[in-house]
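Colleague: Mind looking over this structure? Questions follow.
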Amino acid sequence: MTTTPERVHDDSRVTAFEDNDHKPVGHGRMLRKEDPRFVRGRGRYVDDVQLPGMLHLAILRSPMAHARILSVDTSLAEAHPKVRLVVTGAMLAEKGLAWMPTLSNDVQAVLATDKVRFQGQEVAFVVAEDRYAARDALELIDVDYEPLDPVVDVRTALAPEAPVIRDDLEGKADNHCFDWETGDAAATDAVFARADVVVSEDIVYPRVHPAPMETCGAVADYDDIDGKLTLWSTTQAPHAHRTLYAIVAGLPEHKIRVIAPDIGGGFGNKVPIYPGYVCAIVGSLLTGKPVKWMEDRSENLISTGFARDYIMRGEIAATSDGRILAIRTHVLADHGAFNGTAAPVKYPAGFFGVFTGSYDIEAAYCKMTAVYTNKAPGGVAYACSFRITEAVYLVERIVDCLAYELKMDPAALRLKNFIRPEQFPYATKTGWTYDSGNYEPTMRLSMELAGYDQLRAEQAEKRARGELMGIGISFFTEAVGAGPRKDMDILGLGMADGCELRVHPTGKAVVRLSVQTQGQGHETTFAQIVAEEIGIPPQDIEVVHGDTDQTPFGLGTYGSRSTPVSGAAAALVARKVRDKARLIASAMLEVSVADLEWTKGAFHVKGDPSASVTIQDIAMRAHGAGDLPDGVEGGLEAQICYNPENLTYPHGAYICVVDIDPGTAKVTVRRFVAVDDCGTRINPMIIEGQVHGGLTDGVGMALMEMISFDEDGNCLGGSLMDYLIPTALEVPDWETGFTVTPSPHHPIGAKGVGESATVGSPPAIVNAVVDALKPFGIRHADMPLTPSRVWEAMQGRPTPPI
Amino acid sequence: MQVPAPFEYQRVSSVDQAIGLLDRLGDTARLVAGGHSLIPMMKLRLANFEYLIDINDLHEELGYITEEPRTIRIGAMTRHRELLESRALADAFPIFRDAERVIADPVVRNRGTLGGSLCQADPSEDLSAVCTTLDAQCVIRGLDGERVVSMEEFHRGPYETAVGDAEILTEVRFPIRPNGSSAYEKVERRAGDWAVVSAGAAVWLAEDGTVADARVGLAAVGPNTAGIPGIADAMRGHAPSEELYARAGAIAANAADPVTDRRGSAEYKRHLAKELTVRVLRESVARIREQHRQGA
Ligand SMILES: Cc1cc2nc3c(=O)[nH]c(=O)nc-3n(C[C@H](O)[C@H](O)[C@H](O)COP(=O)(O)OP(=O)(O)OC[C@H]3O[C@@H](n4cnc5c(N)ncnc54)[C@H](O)[C@@H]3O)c2cc1C
């Protein structure tokens, strides 16, 4: 018997109209402040920057994956009438700039000197009067390559006969990048040894690409009179980039200004420092002119930060009645030619350590080996919260494999094993402390919204008729908001965020952030955070970000860290201003501070609501004439630097329904129910937008996206005709819901949500497809589940994509 | 931004002017119609031409769908969108609307042309498969006047057609035969993607309800969009049935010569050749019967 309420699910459902045009003074639905310019096409991106005398830079890239550079002849290119400068690796080497550090303490070539190590690697650049001439001149550069055998197959990269890619590293005799482990091997082995059931599955998370709509680029403008460099660039982390330029290029930090204007999507792709940015700086230094570099779509896809590329052996141990005891995994990680992973230093595998998921288990262990291959570098990108996408995919897939073996309902299996609410804060077996969570209500809500029992009944009927319908579940716990300075840094920089709030005399305000929006709506959310604390309407609060000259230091926007870290800073700085306002209010109302009460936007005397002053009145007094209380300076402003105590751990329950055409094996995602718990919800409309985007990403990865290579190391995903990104036609009308479990340590209880859906959705979709294929005896099939690959699974031979 | 290598550009105002220029410039020149095949190749610098001769001003002259009692004539500059929206075409050959719904996206369909599609001669081209299915005739004009070739003669190989250096495709003719209908189906990884495999069918029934003639055209299963002669022989004189479709599907699968690529394995594509052939034959026959019901 089912107890869920009767719901009608026909395919004509459309999203109910939700009026988002509220005008909250604080949290709540409101339209985005940035959208009037975006919907009018008036956003201002790096490529919109036009400076007098600006020159254009184009990069010559390697056509080969692995080759020795014998010679580079630039004479014809230099003779081109519009060319101002041609630079090769050898020329950079003379200046000590041929190599730069990566975010993982490896080095990466700015321009190749000795060898090229992946197809698309930067070999030389041209600066010309227009971008057409710059491109044309690339064809005039003659590079003589001696082809070398490429290392393409990650599984054989460590074979003794494999060519050594990184012979630039002293004494390097193999392609080993690093080993990493977490958890307790012995304890895990012991639990596995006594378990009733052990299930093991090889699971590949193929290489994908964040593919933001705006590709990467920069405009560098070096002023040799005052020695100041201004760099407009597509960066998610302007401050971190500035500091690194100072360290790498030896330019004084105070003479560098990094401006990240509107950013057309980042998804992690715009965290690293790419050779192109450095080339633009060098180009401006050498020509004395502003230099613009803007990569094209193919360059973005073949050379910039990719994501995933993990080959995982997942193992799970359980009792025969479905209690999960332990999880063990071995991972082979492809890091490409340079280790460019953008993760905190002590976390070479990012936060993959949360692969124990949302379950209360006895032991866990992971051993990872990372290798170099002749592929583009990168490694943490595409909205994955530092590899949690991989971790969640692993655990949610292997839990489904266990359900398959135990013949248990996958929802029931999960419900049976969740960490219980009273166990929080929960210390996992791999050393993470989940701050808060209440999983069962979230799971139950998703089942209710989906009509889970009815779906299973429908599936049974359809199976009897030979139709293929699948229901997939994924339950995830995210770990976002890096991070506490005791544990986390990137190249020595602590992961804190500053915030400054200044209230002008007329009661309008400006808040300055260290993070940088790439479409997440910071100009709205942060105004709302401040508004909630101080009672100034969001319309009256200007949010300034993305300019190192205008904002305090902080580590930027990635890993869903803006709200957990910078959002906390904004709330706390507003409270600090409010505390000062209270002192001024007490003088204005001539009562003691203890006799004041705050109702959003005004202080009034306890017991006498008519005796009150608004925050605007206070702002005028703070800047005006007349006495202020003893020891109180004029002005109404504050600044702080927020060091998070812990990460925040959002969670969610996703249910996906697919239909597969038995004749063509084509998968249609019919429904997708996403219930997210990101703690306190600041602007539900923005949250829903983030979730919709992430779910669409998930459909892309599960069904179509993959950066693949041929045996020569040629990248086969170099255009959007080859690297497919889903459109509205491939995705259903998203059904979202929420629960609220506030973070105990975040000042307003908020957790991040920017990546939850990208993390949580791929396993739900894959689990649904695999569930649909159950009649074929299929327990696992790897992404991307294209019609051809699904058909092969139906023939009984599911194959890994690499 | 991807930019092509430098080239000269000229718009022409008549077919003769285009032919004259092509004659003078030789194979360094190319016509540009919708540009949706040519320009991407030039931007990726996979193809470089010194001259582009823009024939979009000829849309007035070469953009038409003309119904005659026994033929529909379509001008080479007719755009995908016009093919999609033509009621007359959908009535005579529903295969066009089926196909156009799954070709590219509205942006591409607004500009891409029938002539460009056929002349590109990409083995995955959907309209080529449609034309093959419908036994179209291609009108090619050169300095010496016009000649008419069948689709079999038109496609010489991948990206190679019967259109010479100083020639232009002006029109495609489709014979109308009584008591027939047609259908098209495509499997793609994503809307707007090129076909993994697609199949078109046209079926004509005799008075007694048996198959008078049947044609199948496939895309993306070999070097050319291929017509499959064996199918007509196998089906002619038989009453339509699932069994008959299956037999035709097997012939189509056999005739297919696909390669494994990232759209799918050769084996899967061969399977699709069969599956889709069955589906489009079934649909074509269902449509004829529907015509009867409506006529009755
Ligand atoms: C994103 C995208 C997706 C697509 N998806 C599909 C798809 O799913 N299915 C599909 O079938 N096609 C697809 N196409 C191709 C699209 O249909 C093209 O428009 C079409 O193939 C070419 O038509 P065109 O008018 O743009 O030709 P052009 O690009 O202008 O020309 C193509 C070639 O034909 C020559 N040519 C053009 N007209 C003539 C003429 N009258 N006489 C002689 N030579 C001529 C040109 O010189 C050139 O060599 C897609 C294209 C894009 C960009």
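Identifiers in this document derive from the order of the structure tokens: chains are assigned A, B, ..., residues are numbered from 1 separately in each chain, and ligands are numbered from 1 in order of occurrence.
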Distance cut-off 8 Å, counting only C-alpha atoms - which residues of chain A neighbour chain B? Return them as a PDB file with N, CA and C atoms, in the first residue's frame.

Modeller:
ATOM      1  N   TYR A 132      42.701  39.428 -37.022  1.00  0.00           N
ATOM      2  CA  TYR A 132      42.771  38.614 -38.236  1.00  0.00           C
ATOM      3  C   TYR A 132      44.220  38.414 -38.655  1.00  0.00           C
ATOM      4  N   ARG A 135      45.973  35.920 -36.466  1.00  0.00           N
ATOM      5  CA  ARG A 135      45.664  34.529 -36.830  1.00  0.00           C
ATOM      6  C   ARG A 135      46.379  34.124 -38.114  1.00  0.00           C
ATOM      7  N   ASP A 136      46.347  35.013 -39.100  1.00  0.00           N
ATOM      8  CA  ASP A 136      46.985  34.673 -40.372  1.00  0.00           C
ATOM      9  C   ASP A 136      48.479  34.430 -40.185  1.00  0.00           C
ATOM     10  N   MET A 294      42.203  36.456 -26.820  1.00  0.00           N
ATOM     11  CA  MET A 294      40.909  35.817 -26.574  1.00  0.00           C
ATOM     12  C   MET A 294      40.925  34.503 -27.319  1.00  0.00           C
ATOM     13  N   GLU A 295      40.837  33.413 -26.577  1.00  0.00           N
ATOM     14  CA  GLU A 295      40.934  32.126 -27.269  1.00  0.00           C
ATOM     15  C   GLU A 295      39.622  31.809 -27.985  1.00  0.00           C
ATOM     16  N   ASP A 296      39.688  30.959 -28.984  1.00  0.00           N
ATOM     17  CA  ASP A 296      38.470  30.548 -29.674  1.00  0.00           C
ATOM     18  C   ASP A 296      37.942  29.268 -29.032  1.00  0.00           C
ATOM     19  N   ARG A 297      36.822  28.816 -29.545  1.00  0.00           N
ATOM     20  CA  ARG A 297      36.152  27.663 -28.930  1.00  0.00           C
ATOM     21  C   ARG A 297      37.042  26.426 -28.919  1.00  0.00           C
ATOM     22  N   GLY A 663      14.223  -0.075 -29.662  1.00  0.00           N
ATOM     23  CA  GLY A 663      14.743  -0.298 -31.014  1.00  0.00           C
ATOM     24  C   GLY A 663      15.991   0.491 -31.312  1.00  0.00           C
ATOM     25  N   THR A 664      16.067   1.709 -30.820  1.00  0.00           N
ATOM     26  CA  THR A 664      17.220   2.557 -31.141  1.00  0.00           C
ATOM     27  C   THR A 664      18.135   2.770 -29.949  1.00  0.00           C
ATOM     28  N   LYS A 666      17.839   4.828 -27.651  1.00  0.00           N
ATOM     29  CA  LYS A 666      17.960   6.240 -27.298  1.00  0.00           C
ATOM     30  C   LYS A 666      17.274   6.518 -25.964  1.00  0.00           C
ATOM     31  N   MET A 704      26.009  12.494 -23.071  1.00  0.00           N
ATOM     32  CA  MET A 704      26.665  12.869 -24.340  1.00  0.00           C
ATOM     33  C   MET A 704      28.059  13.453 -24.259  1.00  0.00           C
ATOM     34  N   MET A 721      30.526  20.794 -32.162  1.00  0.00           N
ATOM     35  CA  MET A 721      29.884  19.769 -32.989  1.00  0.00           C
ATOM     36  C   MET A 721      30.336  18.385 -32.528  1.00  0.00           C
ATOM     37  N   LEU A 724      29.436  17.521 -27.265  1.00  0.00           N
ATOM     38  CA  LEU A 724      28.025  17.908 -27.241  1.00  0.00           C
ATOM     39  C   LEU A 724      27.614  18.434 -25.878  1.00  0.00           C
ATOM     40  N   PRO A 726      24.106  19.648 -23.787  1.00  0.00           N
ATOM     41  CA  PRO A 726      22.658  19.497 -23.935  1.00  0.00           C
ATOM     42  C   PRO A 726      21.950  20.833 -24.092  1.00  0.00           C
ATOM     43  N   THR A 727      20.797  20.773 -24.680  1.00  0.00           N
ATOM     44  CA  THR A 727      19.968  21.958 -24.857  1.00  0.00           C
ATOM     45  C   THR A 727      18.642  21.711 -24.145  1.00  0.00           C
ATOM     46  N   LEU A 729      16.063  20.919 -25.357  1.00  0.00           N
ATOM     47  CA  LEU A 729      15.336  19.794 -25.949  1.00  0.00           C
ATOM     48  C   LEU A 729      15.714  18.452 -25.330  1.00  0.00           C
ATOM     49  N   GLU A 730      16.854  18.400 -24.655  1.00  0.00           N
ATOM     50  CA  GLU A 730      17.268  17.115 -24.065  1.00  0.00           C
ATOM     51  C   GLU A 730      16.901  16.996 -22.599  1.00  0.00           C
ATOM     52  N   THR A 786      25.400   7.238 -24.711  1.00  0.00           N
ATOM     53  CA  THR A 786      24.893   7.562 -26.044  1.00  0.00           C
ATOM     54  C   THR A 786      24.070   6.383 -26.539  1.00  0.00           C
ATOM     55  N   PRO A 787      23.231   6.600 -27.545  1.00  0.00           N
ATOM     56  CA  PRO A 787      22.417   5.483 -28.043  1.00  0.00           C
ATOM     57  C   PRO A 787      23.274   4.256 -28.372  1.00  0.00           C
ATOM     58  N   SER A 788      24.402   4.485 -29.004  1.00  0.00           N
ATOM     59  CA  SER A 788      25.239   3.353 -29.395  1.00  0.00           C
ATOM     60  C   SER A 788      25.741   2.591 -28.172  1.00  0.00           C
ATOM     61  N   ARG A 789      26.176   3.323 -27.160  1.00  0.00           N
ATOM     62  CA  ARG A 789      26.734   2.651 -25.986  1.00  0.00           C
ATOM     63  C   ARG A 789      25.644   1.943 -25.192  1.00  0.00           C
ATOM     64  N   TRP A 791      22.972   0.672 -26.593  1.00  0.00           N
ATOM     65  CA  TRP A 791      22.630  -0.504 -27.396  1.00  0.00           C
ATOM     66  C   TRP A 791      23.630  -1.635 -27.142  1.00  0.00           C
ATOM     67  N   GLU A 792      24.913  -1.261 -27.062  1.00  0.00           N
ATOM     68  CA  GLU A 792      25.918  -2.287 -26.785  1.00  0.00           C
ATOM     69  C   GLU A 792      25.660  -2.945 -25.429  1.00  0.00           C
TER      70      GLU A 792
END

Colleague: Using only C-alpha atoms and all ligand atoms, which protein or nucleic acid residues are at most 6 Å from ligand 1, as a ChimeraX atom specification?

Modeller: /B:30-38,76,103-104,108,112-113,115-117,119-120,125-127,168-170,192-194

Colleague: Could you write out the selected residues, including C-alpha atoms, as a PDB file, in the first residue's frame?

Modeller:
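Just written: part_29.pdb:
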ATOM      1  CA  ARG B  30      33.543  28.521 -54.316  1.00  0.00           C
ATOM      2  CA  LEU B  31      29.911  29.410 -54.341  1.00  0.00           C
ATOM      3  CA  VAL B  32      28.504  30.281 -50.980  1.00  0.00           C
ATOM      4  CA  ALA B  33      24.817  29.654 -50.410  1.00  0.00           C
ATOM      5  CA  GLY B  34      23.651  29.405 -46.788  1.00  0.00           C
ATOM      6  CA  GLY B  35      27.280  29.078 -45.779  1.00  0.00           C
ATOM      7  CA  HIS B  36      26.507  26.672 -42.968  1.00  0.00           C
ATOM      8  CA  SER B  37      28.773  23.970 -44.284  1.00  0.00           C
ATOM      9  CA  LEU B  38      31.357  26.040 -46.100  1.00  0.00           C
ATOM     10  CA  ALA B  76      18.581  25.173 -55.304  1.00  0.00           C
ATOM     11  CA  ILE B 103      18.086  18.910 -39.468  1.00  0.00           C
ATOM     12  CA  ALA B 104      20.262  21.239 -37.420  1.00  0.00           C
ATOM     13  CA  VAL B 108      20.970  26.952 -39.509  1.00  0.00           C
ATOM     14  CA  GLY B 112      21.039  26.606 -45.225  1.00  0.00           C
ATOM     15  CA  THR B 113      19.780  25.611 -48.654  1.00  0.00           C
ATOM     16  CA  GLY B 115      21.482  23.176 -53.147  1.00  0.00           C
ATOM     17  CA  GLY B 116      24.178  23.640 -50.540  1.00  0.00           C
ATOM     18  CA  SER B 117      23.123  20.463 -48.790  1.00  0.00           C
ATOM     19  CA  CYS B 119      26.548  19.985 -53.188  1.00  0.00           C
ATOM     20  CA  GLN B 120      28.277  19.568 -49.849  1.00  0.00           C
ATOM     21  CA  GLU B 125      23.512  14.830 -45.135  1.00  0.00           C
ATOM     22  CA  ASP B 126      19.853  14.324 -44.451  1.00  0.00           C
ATOM     23  CA  LEU B 127      18.510  16.075 -47.515  1.00  0.00           C
ATOM     24  CA  ILE B 168      25.911  25.447 -60.584  1.00  0.00           C
ATOM     25  CA  LEU B 169      23.073  23.310 -59.318  1.00  0.00           C
ATOM     26  CA  THR B 170      19.908  25.237 -60.055  1.00  0.00           C
ATOM     27  CA  GLY B 192      20.771  19.489 -33.973  1.00  0.00           C
ATOM     28  CA  ASP B 193      23.538  16.921 -34.150  1.00  0.00           C
ATOM     29  CA  TRP B 194      24.361  15.142 -37.369  1.00  0.00           C
TER      30      TRP B 194
END

Colleague: Among stretch 112-182 of chain B, which ones does DSSP assign to alpha helix (DSSP H) (computed from the backbone)? Answer as a PyMOL selection string.

Modeller: chain B and resi 114-120+126-133+151-154

Colleague: Please provide as a CSV table (one decimal) with N, CA, C and O atoms, in the first residue's frame all residues within 12 Å of B:Val130, with the sequence filter that same-chain residues fewer than 4 positions apart are discarded (counting only C-alpha atoms).

Modeller:
chain,number,residue,atom,x,y,z
B,83,LEU,N,11.5,24.7,-46.9
B,83,LEU,CA,11.1,23.3,-47.1
B,83,LEU,C,10.3,22.7,-46.0
B,83,LEU,O,9.3,22.0,-46.1
B,93,PHE,N,5.1,15.0,-50.2
B,93,PHE,CA,6.3,14.2,-49.7
B,93,PHE,C,6.5,14.5,-48.2
B,93,PHE,O,7.3,15.3,-47.9
B,94,PRO,N,5.7,13.8,-47.4
B,94,PRO,CA,5.8,14.1,-45.9
B,94,PRO,C,7.3,13.9,-45.4
B,94,PRO,O,7.6,14.4,-44.4
B,95,ILE,N,8.0,13.1,-46.2
B,95,ILE,CA,9.4,12.9,-45.8
B,95,ILE,C,10.2,14.2,-45.6
B,95,ILE,O,11.1,14.3,-44.7
B,96,PHE,N,9.9,15.2,-46.3
B,96,PHE,CA,10.6,16.5,-46.2
B,96,PHE,C,10.4,17.1,-44.8
B,96,PHE,O,11.3,17.6,-44.2
B,97,ARG,N,9.1,17.1,-44.4
B,97,ARG,CA,8.9,17.8,-43.1
B,97,ARG,C,9.5,16.9,-42.0
B,97,ARG,O,10.1,17.5,-41.1
B,98,ASP,N,9.4,15.6,-42.1
B,98,ASP,CA,10.0,14.7,-41.1
B,98,ASP,C,11.5,15.1,-41.0
B,98,ASP,O,12.1,15.2,-39.9
B,99,ALA,N,12.1,15.2,-42.2
B,99,ALA,CA,13.6,15.4,-42.2
B,99,ALA,C,14.0,16.8,-41.7
B,99,ALA,O,14.9,16.9,-40.9
B,100,GLU,N,13.2,17.8,-42.2
B,100,GLU,CA,13.6,19.1,-41.8
B,100,GLU,C,13.4,19.4,-40.3
B,100,GLU,O,14.1,20.2,-39.8
B,103,ILE,N,16.8,18.4,-38.9
B,103,ILE,CA,18.1,18.9,-39.5
B,103,ILE,C,18.5,20.1,-38.7
B,103,ILE,O,17.7,21.1,-38.6
B,114,LEU,N,18.8,23.8,-49.9
B,114,LEU,CA,18.8,22.5,-50.6
B,114,LEU,C,20.0,22.3,-51.4
B,114,LEU,O,20.7,21.3,-51.4
B,117,SER,N,23.1,21.8,-49.4
B,117,SER,CA,23.1,20.5,-48.8
B,117,SER,C,23.6,19.4,-49.8
B,117,SER,O,24.4,18.5,-49.5
B,118,LEU,N,23.0,19.4,-51.0
B,118,LEU,CA,23.3,18.4,-51.9
B,118,LEU,C,24.8,18.5,-52.4
B,118,LEU,O,25.5,17.5,-52.6
B,124,SER,N,26.6,12.3,-44.3
B,124,SER,CA,25.6,12.3,-43.3
B,124,SER,C,24.5,13.3,-43.6
B,124,SER,O,23.6,13.5,-42.7
B,125,GLU,N,24.5,13.8,-44.8
B,125,GLU,CA,23.5,14.8,-45.1
B,125,GLU,C,22.1,14.2,-45.2
B,125,GLU,O,21.9,13.3,-45.9
B,126,ASP,N,21.2,14.9,-44.5
B,126,ASP,CA,19.9,14.3,-44.5
B,126,ASP,C,19.1,14.6,-45.8
B,126,ASP,O,18.4,13.7,-46.2
B,134,LEU,N,13.6,9.9,-52.9
B,134,LEU,CA,12.5,10.3,-53.8
B,134,LEU,C,12.9,10.3,-55.2
B,134,LEU,O,12.2,10.7,-56.1
B,135,ASP,N,14.1,9.7,-55.5
B,135,ASP,CA,14.5,9.5,-56.9
B,135,ASP,C,14.6,10.9,-57.6
B,135,ASP,O,14.1,11.0,-58.7
B,136,ALA,N,15.2,11.8,-57.0
B,136,ALA,CA,15.2,13.2,-57.5
B,136,ALA,C,16.2,13.3,-58.7
B,136,ALA,O,17.1,12.5,-58.9
B,151,MET,N,20.2,11.2,-58.8
B,151,MET,CA,21.0,11.3,-57.6
B,151,MET,C,22.2,10.3,-57.6
B,151,MET,O,23.2,10.7,-57.1
B,172,VAL,N,16.1,21.0,-58.3
B,172,VAL,CA,16.0,19.6,-58.0
B,172,VAL,C,14.5,19.2,-58.3
B,172,VAL,O,13.6,19.9,-57.9
B,174,PHE,N,11.3,16.4,-58.4
B,174,PHE,CA,10.8,15.2,-57.7
B,174,PHE,C,9.6,14.7,-58.4
B,174,PHE,O,8.6,15.4,-58.4
B,182,SER,N,5.7,8.8,-47.9
B,182,SER,CA,7.1,8.7,-47.5
B,182,SER,C,7.3,9.1,-46.0
B,182,SER,O,6.4,9.7,-45.4
B,183,ALA,N,8.4,8.8,-45.5
B,183,ALA,CA,8.7,9.1,-44.1
B,183,ALA,C,10.2,9.1,-43.9
B,183,ALA,O,11.0,8.6,-44.7
B,184,TYR,N,10.6,9.8,-42.8
B,184,TYR,CA,12.0,9.9,-42.5
B,184,TYR,C,12.2,9.8,-41.0
B,184,TYR,O,11.4,10.3,-40.2
B,185,GLU,N,13.3,9.1,-40.6
B,185,GLU,CA,13.6,9.1,-39.2
B,185,GLU,C,15.1,9.1,-39.0
B,185,GLU,O,15.9,8.5,-39.8
B,186,LYS,N,15.5,9.7,-37.9
B,186,LYS,CA,16.9,10.0,-37.6
B,186,LYS,C,17.2,9.6,-36.2
B,186,LYS,O,16.4,10.0,-35.3
B,198,SER,N,20.4,7.9,-40.3
B,198,SER,CA,19.0,8.3,-40.6
B,198,SER,C,18.5,7.5,-41.9
B,198,SER,O,19.4,7.1,-42.7
B,199,ALA,N,17.2,7.4,-42.0
B,199,ALA,CA,16.7,6.6,-43.1
B,199,ALA,C,15.4,7.3,-43.6
B,199,ALA,O,14.6,7.8,-42.8
B,200,GLY,N,15.3,7.2,-44.9
B,200,GLY,CA,14.1,7.7,-45.5
B,200,GLY,C,13.5,6.6,-46.3
B,200,GLY,O,14.2,5.7,-46.8
B,201,ALA,N,12.1,6.6,-46.4
B,201,ALA,CA,11.5,5.6,-47.3
B,201,ALA,C,10.4,6.3,-48.1
B,201,ALA,O,9.8,7.2,-47.6
B,202,ALA,N,10.2,5.7,-49.3
B,202,ALA,CA,9.0,6.1,-50.1
B,202,ALA,C,8.4,4.8,-50.6
B,202,ALA,O,9.1,3.9,-51.0
B,215,ARG,N,11.3,2.7,-52.1
B,215,ARG,CA,12.7,3.2,-52.1
B,215,ARG,C,13.1,3.5,-50.7
B,215,ARG,O,12.4,4.0,-49.9
B,216,VAL,N,14.4,3.3,-50.4
B,216,VAL,CA,14.9,3.6,-49.1
B,216,VAL,C,16.3,4.3,-49.3
B,216,VAL,O,17.1,3.9,-50.2
B,217,GLY,N,16.4,5.4,-48.6
B,217,GLY,CA,17.7,6.1,-48.6
B,217,GLY,C,18.3,6.3,-47.2
B,217,GLY,O,17.5,6.5,-46.3
B,218,LEU,N,19.5,6.0,-47.1
B,218,LEU,CA,20.2,6.1,-45.7
B,218,LEU,C,21.2,7.1,-45.7
B,218,LEU,O,21.9,7.4,-46.7
B,219,ALA,N,21.4,7.8,-44.5
B,219,ALA,CA,22.5,8.7,-44.4
B,219,ALA,C,23.4,8.2,-43.2
B,219,ALA,O,23.0,7.5,-42.3
B,225,THR,N,25.3,8.9,-49.2
B,225,THR,CA,24.0,8.7,-48.9
B,225,THR,C,23.4,7.7,-49.9
B,225,THR,O,23.4,8.0,-51.1
B,226,ALA,N,23.0,6.5,-49.5
B,226,ALA,CA,22.9,5.5,-50.5
B,226,ALA,C,21.4,5.1,-50.7
B,226,ALA,O,20.7,5.0,-49.8
B,227,GLY,N,21.1,4.9,-52.0
B,227,GLY,CA,19.8,4.3,-52.3
B,227,GLY,C,20.1,2.8,-52.3
B,227,GLY,O,21.2,2.4,-52.6
B,280,VAL,N,10.4,3.5,-41.1
B,280,VAL,CA,10.0,4.4,-42.1
B,280,VAL,C,9.1,3.8,-43.2
B,280,VAL,O,8.2,4.4,-43.7

Colleague: Provide the atom CA of A:Leu501 to atom CA of A:Val632 distance in Å, to one decimal place.

Modeller: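 So the answer is 17.1 Å.
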
Colleague: With only C-alpha atoms as the counted atoms, please give the residues lying no more than 12 Å from A:Cys401, apart from itself and same-chain residues fewer than 4 positions off, as an NGL selection string.

Modeller: :A and (197-203 or 314-318 or 322 or 394-397 or 405-410 or 413 or 472 or 763 or 766-767 or 770-771 or 774 or 777-781)

Colleague: Between atom CA of A:Ala587 and atom CA of A:Glu633, measure the distance and give it in Å to one decimal.

Modeller: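 Atom CA of A:Glu633 lies 13.1 Å from atom CA of A:Ala587.
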
Colleague: In Å, with one decimal, what is the gap from atom CA of A:Asp167 to atom CA of A:Asp114?

Modeller: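 Those two atoms sit 9.4 Å apart.
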
Colleague: Skip B:Ser13 itself and residues of its chain fewer than 2 positions away, then list as a PyMOL selection string all residues within 7 Å of it, counting only C-alpha atoms.

Modeller: chain B and resi 11+17+57-58

Colleague: Please produce an output containing N, CA and C atoms for each residue in the selection, written as a compact mmCIF listing (two decimals), in the first residue's frame.

Modeller:
# COMPACT_ATOMS: atom_id res chain seq x y z
N ARG B 11 29.25 39.29 -54.56
CA ARG B 11 27.86 38.89 -54.66
C ARG B 11 27.49 38.92 -56.13
N GLN B 17 26.15 35.18 -64.30
CA GLN B 17 27.30 35.88 -63.73
C GLN B 17 28.10 34.95 -62.82
N ASP B 57 21.75 36.48 -53.39
CA ASP B 57 20.84 37.38 -54.12
C ASP B 57 20.04 36.63 -55.17
N LEU B 58 20.42 35.38 -55.41
CA LEU B 58 19.67 34.59 -56.40
C LEU B 58 18.48 33.89 -55.73

Colleague: Could you please write out, as a PyMOL selection string, every residue of stretch 73-251 of chain B that DSSP assigns to strand (DSSP E)?

Modeller: chain B and resi 73-75+137-142+145-150+155-157+160-161+168-175+180-187+197-205+211-219+226-227

Colleague: Tell me which protein, DNA and RNA residues are within 7 Å of B:Ala253, counting only C-alpha atoms, leaving out same-chain ones fewer than 2 positions away, and put them as a list in words.

Modeller: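 Counting only the stated atoms, we get Gly249, Ala250, Ile251, Ala255, Ala256, Arg270, His271, Ala273 and Lys274 of chain B.
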
Colleague: Nearest to A:Pro650: which of A:Ile615, A:Val667, A:Ala757, A:Leu301 is it, counting only C-alpha atoms?

Modeller: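 So, comparing all the options, the nearest one is A:Ala757.
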